[in-house]
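Asks: This is the structure I have questions about; it appears just below.
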Amino acid sequence: MSSYHRNISSHYLEICIGGVGYQTEPHTLLTYFEQFGTIDHYSFTSPNGGGIVFITYTNPKSVDRCMTSRPHRLDGQHLYVKRAIPYNAEYPREHIDSSRDIMIVIDSINVDELSLKDLREYFSSYGTLYACKYCHEANFDYILVEFADYDQVDRIILDKPHYFNKHELNIMKYIAANKILMSLKYSTKENSSIKQNSIDIDDEYKFLKFELNLKKNDLINEHDLENEAYQLQNHLKQIIEDFNIKRKQLEDDCCEQLRKLNENADKTHQLQQDLEQEYAKLLVEYESLKHENEVLNEQYITAELENFEITSYYEQILLEEKAKTAQYEAEYTEKLRLLYTNDSIPQSSSRPTSITRTSTSLSPPAVPDGDDDDE
């Protein structure tokens, strides 16, 4: 296996840069990319700068250094950088679309495990390779080779043609346009005696018509292309301005809502603090009243005990006084009886005075008042 196309040409010296910002000056862009090597010439698709830029170096190693240094950012913009692929009428979308995979359509080579191993070993020289496998579509078969980077695929396309066992490989990028081309090309197979890749007149006509339509769409006047790119840039600029305005409005609305939420949060926090302070005061007051109630309860219990003891003491005294009063009444009654008895017996004249004195001396004691009884 080998590649016979290894001569250095202008195709190996050019890069394509997309995503350049409108505010980026050409001098700024060229100064940035001059760090990878000497620039031979350049071209902008937009008269006002930005858009798509093509830069041609004097040495292919400068292109390699530029691609190795990805990703590139300039003036806040992410730059999409790729090798410039020349236009190919057979595959008209390959110079525009990027892919990390290639498709090798099987025409005249036999595919087995050994062939896949040899193909994998060959394409591994372009960098990290994930898979090399046989695939089948409705109308054709192909080998899919998956790489880690789209730049590997661009290098393989630039190095075409590639050969395997003295047969040129039908290599193309694994993109939708190429799959449609191959599907149309191999859409109808003739009888088993005819080769798999042969097509009838109607199929050839459909394929050529499709290819001419693609050519017609891709062969655009450079001036028209610049005008269209300029219009697209203006449209994109307007979209960005509208987006910035809406984003500013949204940011203002969000800031206003956040401000209101913060105010409500502050009020809620202040209310919570006030409630916590009020709760703390009520709790202190509750504890104070609880303690006071406990003291009063103890005083009440003590007073009840003292009242009970005093009541018992006075009741005992009252009983004793009532007993004494009853005794005094009995003695008084007995003395009255004796006195009346003595008055009824005749006495001598000299006796009354004596008796009177005796009666006076024997007069009963005064009966205590009712208040004393109560005491």
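Chain labels A, B, ... are given in the sequence in which chains occur in the structure tokens; within each chain residues are numbered consecutively from 1, and ligands are likewise numbered from 1 in the order shown.
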For segment 113-126 of chain A, list every protein, DNA or RNA residue within 8 Å, evaluated using only C-alpha atoms, and leave out those in the same chain fewer than 3 positions away; present the list as a list in words.

Replies: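 Answer for this query is Met1, Asn110, Leu129, Ala131, Cys132, Lys133, Val145, Gln152, Arg155 and Ile156 of chain A.
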
Asks: Selected residues, all heavy atoms, written as a tab-separated table (two decimals), in the first residue's frame, please.

Replies:
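Now in again_18.tsv:
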```tsv
chain	number	residue	atom	x	y	z
A	1	MET	N	0.86	-1.19	0.00
A	1	MET	CA	0.00	0.00	0.00
A	1	MET	C	0.88	1.23	0.00
A	1	MET	O	1.89	1.30	0.68
A	1	MET	CB	-0.88	-0.01	1.25
A	1	MET	CG	-1.72	1.24	1.38
A	1	MET	SD	-2.75	1.16	2.83
A	1	MET	CE	-3.82	-0.20	2.34
A	110	ASN	N	-10.81	-7.36	-2.59
A	110	ASN	CA	-11.41	-8.36	-1.72
A	110	ASN	C	-11.16	-7.96	-0.26
A	110	ASN	O	-10.05	-7.60	0.12
A	110	ASN	CB	-10.81	-9.73	-1.99
A	110	ASN	CG	-11.11	-10.23	-3.39
A	110	ASN	OD1	-12.22	-10.00	-3.90
A	110	ASN	ND2	-10.15	-10.90	-4.02
A	129	LEU	N	-6.54	6.19	15.40
A	129	LEU	CA	-7.59	5.54	14.62
A	129	LEU	C	-8.42	4.68	15.57
A	129	LEU	O	-7.89	3.88	16.33
A	129	LEU	CB	-6.95	4.70	13.51
A	129	LEU	CG	-7.87	4.05	12.47
A	129	LEU	CD1	-7.14	3.91	11.14
A	129	LEU	CD2	-8.31	2.65	12.92
A	131	ALA	N	-11.43	2.78	14.58
A	131	ALA	CA	-12.02	1.56	14.03
A	131	ALA	C	-11.79	1.50	12.52
A	131	ALA	O	-11.66	2.53	11.85
A	131	ALA	CB	-13.51	1.49	14.34
A	132	CYS	N	-11.74	0.29	12.02
A	132	CYS	CA	-11.68	0.02	10.58
A	132	CYS	C	-12.54	-1.21	10.35
A	132	CYS	O	-12.14	-2.33	10.69
A	132	CYS	CB	-10.23	-0.20	10.14
A	132	CYS	SG	-10.05	-0.52	8.36
A	133	LYS	N	-13.73	-1.01	9.77
A	133	LYS	CA	-14.69	-2.09	9.72
A	133	LYS	C	-15.44	-2.10	8.39
A	133	LYS	O	-15.55	-1.08	7.71
A	133	LYS	CB	-15.68	-1.98	10.87
A	133	LYS	CG	-16.38	-0.63	10.95
A	133	LYS	CD	-17.19	-0.51	12.22
A	133	LYS	CE	-17.84	0.87	12.34
A	133	LYS	NZ	-18.59	1.01	13.59
A	145	VAL	N	-13.58	3.88	8.13
A	145	VAL	CA	-12.40	4.10	8.98
A	145	VAL	C	-12.69	5.31	9.85
A	145	VAL	O	-12.93	6.42	9.33
A	145	VAL	CB	-11.12	4.31	8.15
A	145	VAL	CG1	-9.91	4.41	9.07
A	145	VAL	CG2	-10.95	3.19	7.13
A	152	GLN	N	-7.21	14.69	10.42
A	152	GLN	CA	-6.63	13.47	9.83
A	152	GLN	C	-7.31	13.14	8.52
A	152	GLN	O	-6.66	12.75	7.54
A	152	GLN	CB	-6.77	12.31	10.82
A	152	GLN	CG	-6.05	12.53	12.15
A	152	GLN	CD	-6.43	11.48	13.18
A	152	GLN	OE1	-7.11	11.76	14.15
A	152	GLN	NE2	-6.00	10.26	12.94
A	155	ARG	N	-6.21	15.52	5.75
A	155	ARG	CA	-4.87	15.17	5.24
A	155	ARG	C	-4.94	13.98	4.29
A	155	ARG	O	-4.24	13.94	3.26
A	155	ARG	CB	-3.94	14.85	6.41
A	155	ARG	CG	-3.53	16.10	7.22
A	155	ARG	CD	-2.96	15.72	8.57
A	155	ARG	NE	-1.89	14.74	8.42
A	155	ARG	CZ	-1.49	13.91	9.38
A	155	ARG	NH1	-2.10	13.93	10.55
A	155	ARG	NH2	-0.50	13.07	9.17
A	156	ILE	N	-5.79	13.01	4.62
A	156	ILE	CA	-5.95	11.84	3.73
A	156	ILE	C	-6.54	12.28	2.40
A	156	ILE	O	-6.11	11.81	1.33
A	156	ILE	CB	-6.84	10.79	4.43
A	156	ILE	CG1	-6.09	10.19	5.63
A	156	ILE	CG2	-7.23	9.69	3.44
A	156	ILE	CD1	-6.93	9.27	6.47
```

Asks: For segment 63-66 of chain A, work out the shell of residues within 7 Å, counting only C-alpha atoms and skipping chain neighbours fewer than 2 positions away, then give it as a PDB file with all heavy atoms, in the first residue's frame.

Replies:
```
ATOM      1  N   LEU A  13      -0.558  24.238   1.777  1.00  0.00           N
ATOM      2  CA  LEU A  13      -0.114  25.475   2.415  1.00  0.00           C
ATOM      3  C   LEU A  13      -1.265  26.363   2.879  1.00  0.00           C
ATOM      4  O   LEU A  13      -1.021  27.366   3.550  1.00  0.00           O
ATOM      5  CB  LEU A  13       0.757  26.282   1.440  1.00  0.00           C
ATOM      6  CG  LEU A  13       1.988  25.575   0.867  1.00  0.00           C
ATOM      7  CD1 LEU A  13       2.663  26.461  -0.160  1.00  0.00           C
ATOM      8  CD2 LEU A  13       2.961  25.210   1.991  1.00  0.00           C
ATOM      9  N   ILE A  15      -5.021  27.292   4.740  1.00  0.00           N
ATOM     10  CA  ILE A  15      -5.996  26.958   5.775  1.00  0.00           C
ATOM     11  C   ILE A  15      -7.229  27.829   5.578  1.00  0.00           C
ATOM     12  O   ILE A  15      -7.179  28.902   4.981  1.00  0.00           O
ATOM     13  CB  ILE A  15      -5.440  27.180   7.198  1.00  0.00           C
ATOM     14  CG1 ILE A  15      -5.055  28.642   7.410  1.00  0.00           C
ATOM     15  CG2 ILE A  15      -4.280  26.246   7.483  1.00  0.00           C
ATOM     16  CD1 ILE A  15      -4.669  28.972   8.846  1.00  0.00           C
ATOM     17  N   PHE A  36       2.572  31.016  13.725  1.00  0.00           N
ATOM     18  CA  PHE A  36       2.804  29.647  13.272  1.00  0.00           C
ATOM     19  C   PHE A  36       3.700  29.581  12.039  1.00  0.00           C
ATOM     20  O   PHE A  36       4.110  28.485  11.648  1.00  0.00           O
ATOM     21  CB  PHE A  36       1.459  28.956  12.983  1.00  0.00           C
ATOM     22  CG  PHE A  36       0.492  29.015  14.124  1.00  0.00           C
ATOM     23  CD1 PHE A  36      -0.649  29.805  14.047  1.00  0.00           C
ATOM     24  CD2 PHE A  36       0.744  28.312  15.285  1.00  0.00           C
ATOM     25  CE1 PHE A  36      -1.532  29.873  15.097  1.00  0.00           C
ATOM     26  CE2 PHE A  36      -0.144  28.367  16.354  1.00  0.00           C
ATOM     27  CZ  PHE A  36      -1.278  29.154  16.262  1.00  0.00           C
ATOM     28  N   PRO A  60       4.531  24.096   4.575  1.00  0.00           N
ATOM     29  CA  PRO A  60       3.449  23.230   5.071  1.00  0.00           C
ATOM     30  C   PRO A  60       3.557  22.942   6.569  1.00  0.00           C
ATOM     31  O   PRO A  60       2.555  22.628   7.210  1.00  0.00           O
ATOM     32  CB  PRO A  60       3.601  21.955   4.236  1.00  0.00           C
ATOM     33  CG  PRO A  60       5.005  21.973   3.752  1.00  0.00           C
ATOM     34  CD  PRO A  60       5.367  23.400   3.557  1.00  0.00           C
ATOM     35  N   LYS A  61       4.771  23.041   7.151  1.00  0.00           N
ATOM     36  CA  LYS A  61       4.909  22.805   8.586  1.00  0.00           C
ATOM     37  C   LYS A  61       4.175  23.876   9.392  1.00  0.00           C
ATOM     38  O   LYS A  61       3.741  23.627  10.526  1.00  0.00           O
ATOM     39  CB  LYS A  61       6.387  22.783   8.971  1.00  0.00           C
ATOM     40  CG  LYS A  61       7.135  21.580   8.416  1.00  0.00           C
ATOM     41  CD  LYS A  61       8.578  21.572   8.897  1.00  0.00           C
ATOM     42  CE  LYS A  61       9.324  20.339   8.361  1.00  0.00           C
ATOM     43  NZ  LYS A  61      10.735  20.306   8.810  1.00  0.00           N
ATOM     44  N   THR A  68      -2.150  21.792  14.974  1.00  0.00           N
ATOM     45  CA  THR A  68      -1.817  21.145  16.247  1.00  0.00           C
ATOM     46  C   THR A  68      -2.166  22.039  17.429  1.00  0.00           C
ATOM     47  O   THR A  68      -2.452  21.540  18.532  1.00  0.00           O
ATOM     48  CB  THR A  68      -0.320  20.790  16.287  1.00  0.00           C
ATOM     49  OG1 THR A  68      -0.004  19.981  15.145  1.00  0.00           O
ATOM     50  CG2 THR A  68       0.037  20.031  17.548  1.00  0.00           C
ATOM     51  N   SER A  69      -2.167  23.367  17.209  1.00  0.00           N
ATOM     52  CA  SER A  69      -2.400  24.327  18.294  1.00  0.00           C
ATOM     53  C   SER A  69      -3.882  24.586  18.542  1.00  0.00           C
ATOM     54  O   SER A  69      -4.225  25.486  19.315  1.00  0.00           O
ATOM     55  CB  SER A  69      -1.700  25.650  17.979  1.00  0.00           C
ATOM     56  OG  SER A  69      -0.313  25.469  17.822  1.00  0.00           O
ATOM     57  N   ARG A  70      -4.769  23.909  17.874  1.00  0.00           N
ATOM     58  CA  ARG A  70      -6.197  24.100  18.132  1.00  0.00           C
ATOM     59  C   ARG A  70      -6.534  23.741  19.578  1.00  0.00           C
ATOM     60  O   ARG A  70      -5.864  22.890  20.165  1.00  0.00           O
ATOM     61  CB  ARG A  70      -7.031  23.235  17.182  1.00  0.00           C
ATOM     62  CG  ARG A  70      -7.033  23.692  15.745  1.00  0.00           C
ATOM     63  CD  ARG A  70      -7.696  22.648  14.853  1.00  0.00           C
ATOM     64  NE  ARG A  70      -6.982  21.381  14.930  1.00  0.00           N
ATOM     65  CZ  ARG A  70      -7.511  20.199  14.614  1.00  0.00           C
ATOM     66  NH1 ARG A  70      -8.750  20.120  14.201  1.00  0.00           N
ATOM     67  NH2 ARG A  70      -6.792  19.102  14.702  1.00  0.00           N
TER      68      ARG A  70
END
```

Asks: Give me, as JSON, numbers by chain, the residues of segment 24-205 of chain A that a backbone DSSP run labels helix (DSSP H, G or I).

Replies: {"A": [26, 27, 28, 29, 30, 31, 32, 33, 34, 35, 36, 60, 61, 62, 63, 64, 65, 66, 67, 68, 113, 114, 115, 116, 117, 118, 119, 120, 121, 122, 123, 124, 125, 126, 150, 151, 152, 153, 154, 155, 156, 157, 158, 176, 177, 178, 179, 180, 181, 182, 183, 184, 185, 201, 202, 203, 204, 205]}

Asks: Keeping only C-alpha atoms, write the selected residues as a PDB file, in the first residue's frame.

Replies:
```pdb
ATOM      1  CA  PRO A  26      -7.421  41.931   9.574  1.00  0.00           C
ATOM      2  CA  HIS A  27      -4.133  43.029  11.107  1.00  0.00           C
ATOM      3  CA  THR A  28      -5.063  41.411  14.421  1.00  0.00           C
ATOM      4  CA  LEU A  29      -6.043  38.161  12.703  1.00  0.00           C
ATOM      5  CA  LEU A  30      -2.865  38.013  10.587  1.00  0.00           C
ATOM      6  CA  THR A  31      -0.667  38.852  13.578  1.00  0.00           C
ATOM      7  CA  TYR A  32      -2.222  35.982  15.493  1.00  0.00           C
ATOM      8  CA  PHE A  33      -1.669  33.400  12.725  1.00  0.00           C
ATOM      9  CA  GLU A  34       1.835  34.661  11.897  1.00  0.00           C
ATOM     10  CA  GLN A  35       3.025  33.001  15.108  1.00  0.00           C
ATOM     11  CA  PHE A  36       2.804  29.647  13.272  1.00  0.00           C
ATOM     12  CA  PRO A  60       3.449  23.230   5.071  1.00  0.00           C
ATOM     13  CA  LYS A  61       4.909  22.805   8.586  1.00  0.00           C
ATOM     14  CA  SER A  62       3.277  26.116   9.483  1.00  0.00           C
ATOM     15  CA  VAL A  63      -0.100  24.572   8.626  1.00  0.00           C
ATOM     16  CA  ASP A  64       0.726  21.538  10.784  1.00  0.00           C
ATOM     17  CA  ARG A  65       1.694  23.771  13.718  1.00  0.00           C
ATOM     18  CA  CYS A  66      -1.512  25.776  13.330  1.00  0.00           C
ATOM     19  CA  MET A  67      -3.684  22.656  13.297  1.00  0.00           C
ATOM     20  CA  THR A  68      -1.817  21.145  16.247  1.00  0.00           C
ATOM     21  CA  GLU A 113      -9.644  -9.694   8.141  1.00  0.00           C
ATOM     22  CA  LEU A 114      -6.101  -9.405   6.815  1.00  0.00           C
ATOM     23  CA  SER A 115      -7.098  -6.618   4.418  1.00  0.00           C
ATOM     24  CA  LEU A 116      -8.795  -4.690   7.209  1.00  0.00           C
ATOM     25  CA  LYS A 117      -5.695  -5.132   9.360  1.00  0.00           C
ATOM     26  CA  ASP A 118      -3.445  -3.812   6.562  1.00  0.00           C
ATOM     27  CA  LEU A 119      -5.758  -0.833   5.955  1.00  0.00           C
ATOM     28  CA  ARG A 120      -5.826  -0.062   9.645  1.00  0.00           C
ATOM     29  CA  GLU A 121      -2.040  -0.164   9.845  1.00  0.00           C
ATOM     30  CA  TYR A 122      -1.712   2.098   6.810  1.00  0.00           C
ATOM     31  CA  PHE A 123      -4.149   4.789   7.985  1.00  0.00           C
ATOM     32  CA  SER A 124      -2.753   4.702  11.524  1.00  0.00           C
ATOM     33  CA  SER A 125       0.171   6.714  10.154  1.00  0.00           C
ATOM     34  CA  TYR A 126      -2.193   9.719  10.037  1.00  0.00           C
ATOM     35  CA  TYR A 150     -11.293  15.724  11.302  1.00  0.00           C
ATOM     36  CA  ASP A 151      -7.825  17.055  10.391  1.00  0.00           C
ATOM     37  CA  GLN A 152      -6.631  13.473   9.834  1.00  0.00           C
ATOM     38  CA  VAL A 153      -9.389  12.991   7.270  1.00  0.00           C
ATOM     39  CA  ASP A 154      -8.510  16.272   5.510  1.00  0.00           C
ATOM     40  CA  ARG A 155      -4.872  15.166   5.244  1.00  0.00           C
ATOM     41  CA  ILE A 156      -5.948  11.845   3.733  1.00  0.00           C
ATOM     42  CA  ILE A 157      -8.125  13.658   1.178  1.00  0.00           C
ATOM     43  CA  LEU A 158      -5.240  15.980   0.282  1.00  0.00           C
ATOM     44  CA  ALA A 176     -24.407  12.550   3.790  1.00  0.00           C
ATOM     45  CA  ALA A 177     -23.790  13.987   0.312  1.00  0.00           C
ATOM     46  CA  ASN A 178     -21.270  11.263  -0.573  1.00  0.00           C
ATOM     47  CA  LYS A 179     -23.578   8.525   0.699  1.00  0.00           C
ATOM     48  CA  ILE A 180     -26.355   9.871  -1.521  1.00  0.00           C
ATOM     49  CA  LEU A 181     -23.987   9.936  -4.514  1.00  0.00           C
ATOM     50  CA  MET A 182     -22.908   6.331  -3.977  1.00  0.00           C
ATOM     51  CA  SER A 183     -26.472   5.208  -3.367  1.00  0.00           C
ATOM     52  CA  LEU A 184     -27.576   6.728  -6.676  1.00  0.00           C
ATOM     53  CA  LYS A 185     -24.570   5.347  -8.479  1.00  0.00           C
ATOM     54  CA  ILE A 201     -28.200   4.230 -19.101  1.00  0.00           C
ATOM     55  CA  ASP A 202     -31.090   5.481 -16.945  1.00  0.00           C
ATOM     56  CA  ASP A 203     -29.040   5.187 -13.755  1.00  0.00           C
ATOM     57  CA  GLU A 204     -26.114   6.946 -15.414  1.00  0.00           C
ATOM     58  CA  TYR A 205     -28.415   9.730 -16.506  1.00  0.00           C
TER      59      TYR A 205
END
```

Asks: Just list the residues in segment 138-175 of chain A DSSP gives strand (DSSP E) on the backbone, as a count of residues only.

Replies: 16

Asks: Which of these residues is nearest to Ala138 of chain A, using only C-alpha atoms: A:Ser187, A:Thr38, A:Asn88, A:Thr45?

Replies: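 Smallest separation from Ala138 of chain A among the options: A:Ser187.
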
Asks: Enter the distance from atom CA of Ile96 of chain A to atom CA of Tyr12 of chain A, in Å, rounded to one decimal.

Replies: 16.3 Å

Asks: Nearest to Gly19 of chain A: which of A:Leu236, A:Asn165, A:Met172, A:Asn59 is it, counting only C-alpha atoms?

Replies: A:Leu236

Asks: Excluding same-chain residues fewer than 2 positions from Gly18 of chain A, what lies within 9 Å of it counting only C-alpha atoms, as a compact mmCIF listing (two decimals) with C-alpha atoms, in the first residue's frame?

Replies:
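What landed in part18.txt:
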```txt
# COMPACT_ATOMS: atom_id res chain seq x y z
CA CYS A 16 -9.62 28.04 6.03
CA VAL A 20 -14.07 35.38 12.73
CA GLY A 50 -14.92 38.69 9.62
CA GLY A 51 -16.69 35.75 8.05
CA ILE A 52 -14.44 33.18 6.31
CA VAL A 53 -10.74 33.87 5.80
CA HIS A 78 -13.96 30.53 18.86
CA LEU A 79 -12.30 30.13 15.44
CA TYR A 80 -13.03 27.07 13.34
CA VAL A 81 -9.77 26.25 11.52
CA LYS A 82 -9.34 23.53 8.89
```

Asks: When you look at Lys173 of chain A with a cut-off of 9 Å (counting only C-alpha atoms), what residues show up, excluding the ones that are within fewer than 6 positions of it in the same chain? I need them as a compact mmCIF listing (two decimals) with N, CA, C and O atoms, in the first residue's frame.

Replies:
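Full text of selection-v1.txt as output:
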```txt
# COMPACT_ATOMS: atom_id res chain seq x y z
N TYR A 91 -16.82 14.80 -5.94
CA TYR A 91 -17.38 14.86 -4.59
C TYR A 91 -17.48 16.34 -4.19
O TYR A 91 -16.62 16.87 -3.48
N GLU A 94 -17.00 17.91 -0.39
CA GLU A 94 -15.89 17.57 0.49
C GLU A 94 -15.07 18.78 0.90
O GLU A 94 -14.44 18.78 1.96
N ASP A 97 -17.76 20.37 3.86
CA ASP A 97 -18.13 19.59 5.05
C ASP A 97 -16.90 18.94 5.68
O ASP A 97 -15.95 18.55 4.97
N SER A 98 -16.94 18.80 6.98
CA SER A 98 -15.88 18.12 7.72
C SER A 98 -16.41 16.82 8.31
O SER A 98 -17.60 16.69 8.60
N SER A 99 -15.50 15.87 8.49
CA SER A 99 -15.88 14.58 9.05
C SER A 99 -14.66 13.95 9.70
O SER A 99 -13.52 14.19 9.27
N ARG A 100 -14.90 13.15 10.72
CA ARG A 100 -13.80 12.42 11.36
C ARG A 100 -13.66 11.00 10.81
O ARG A 100 -12.83 10.24 11.29
N ASP A 101 -14.48 10.66 9.80
CA ASP A 101 -14.46 9.31 9.24
C ASP A 101 -14.30 9.38 7.72
O ASP A 101 -14.73 10.35 7.08
N ILE A 102 -13.73 8.32 7.16
CA ILE A 102 -13.65 8.19 5.71
C ILE A 102 -14.39 6.92 5.29
O ILE A 102 -14.57 5.99 6.08
N MET A 103 -14.80 6.91 4.05
CA MET A 103 -15.54 5.78 3.48
C MET A 103 -14.78 5.29 2.25
O MET A 103 -14.49 6.08 1.35
N ILE A 104 -14.43 4.02 2.23
CA ILE A 104 -13.73 3.41 1.09
C ILE A 104 -14.72 2.48 0.40
O ILE A 104 -15.06 1.42 0.93
N VAL A 153 -8.64 13.29 8.49
CA VAL A 153 -9.39 12.99 7.27
C VAL A 153 -9.03 13.98 6.17
O VAL A 153 -8.84 13.59 4.99
N ASP A 154 -8.89 15.28 6.53
CA ASP A 154 -8.51 16.27 5.51
C ASP A 154 -7.13 15.97 4.93
O ASP A 154 -6.90 16.13 3.71
N ILE A 157 -7.52 13.18 2.43
CA ILE A 157 -8.12 13.66 1.18
C ILE A 157 -7.09 14.41 0.35
O ILE A 157 -7.01 14.27 -0.89
```

Asks: Enter the distance from atom CA of Asp149 of chain A to atom CA of Ile17 of chain A, in Å, rounded to one decimal.

Replies: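 Separating atom CA of Asp149 of chain A from atom CA of Ile17 of chain A is a distance of 16.7 Å.
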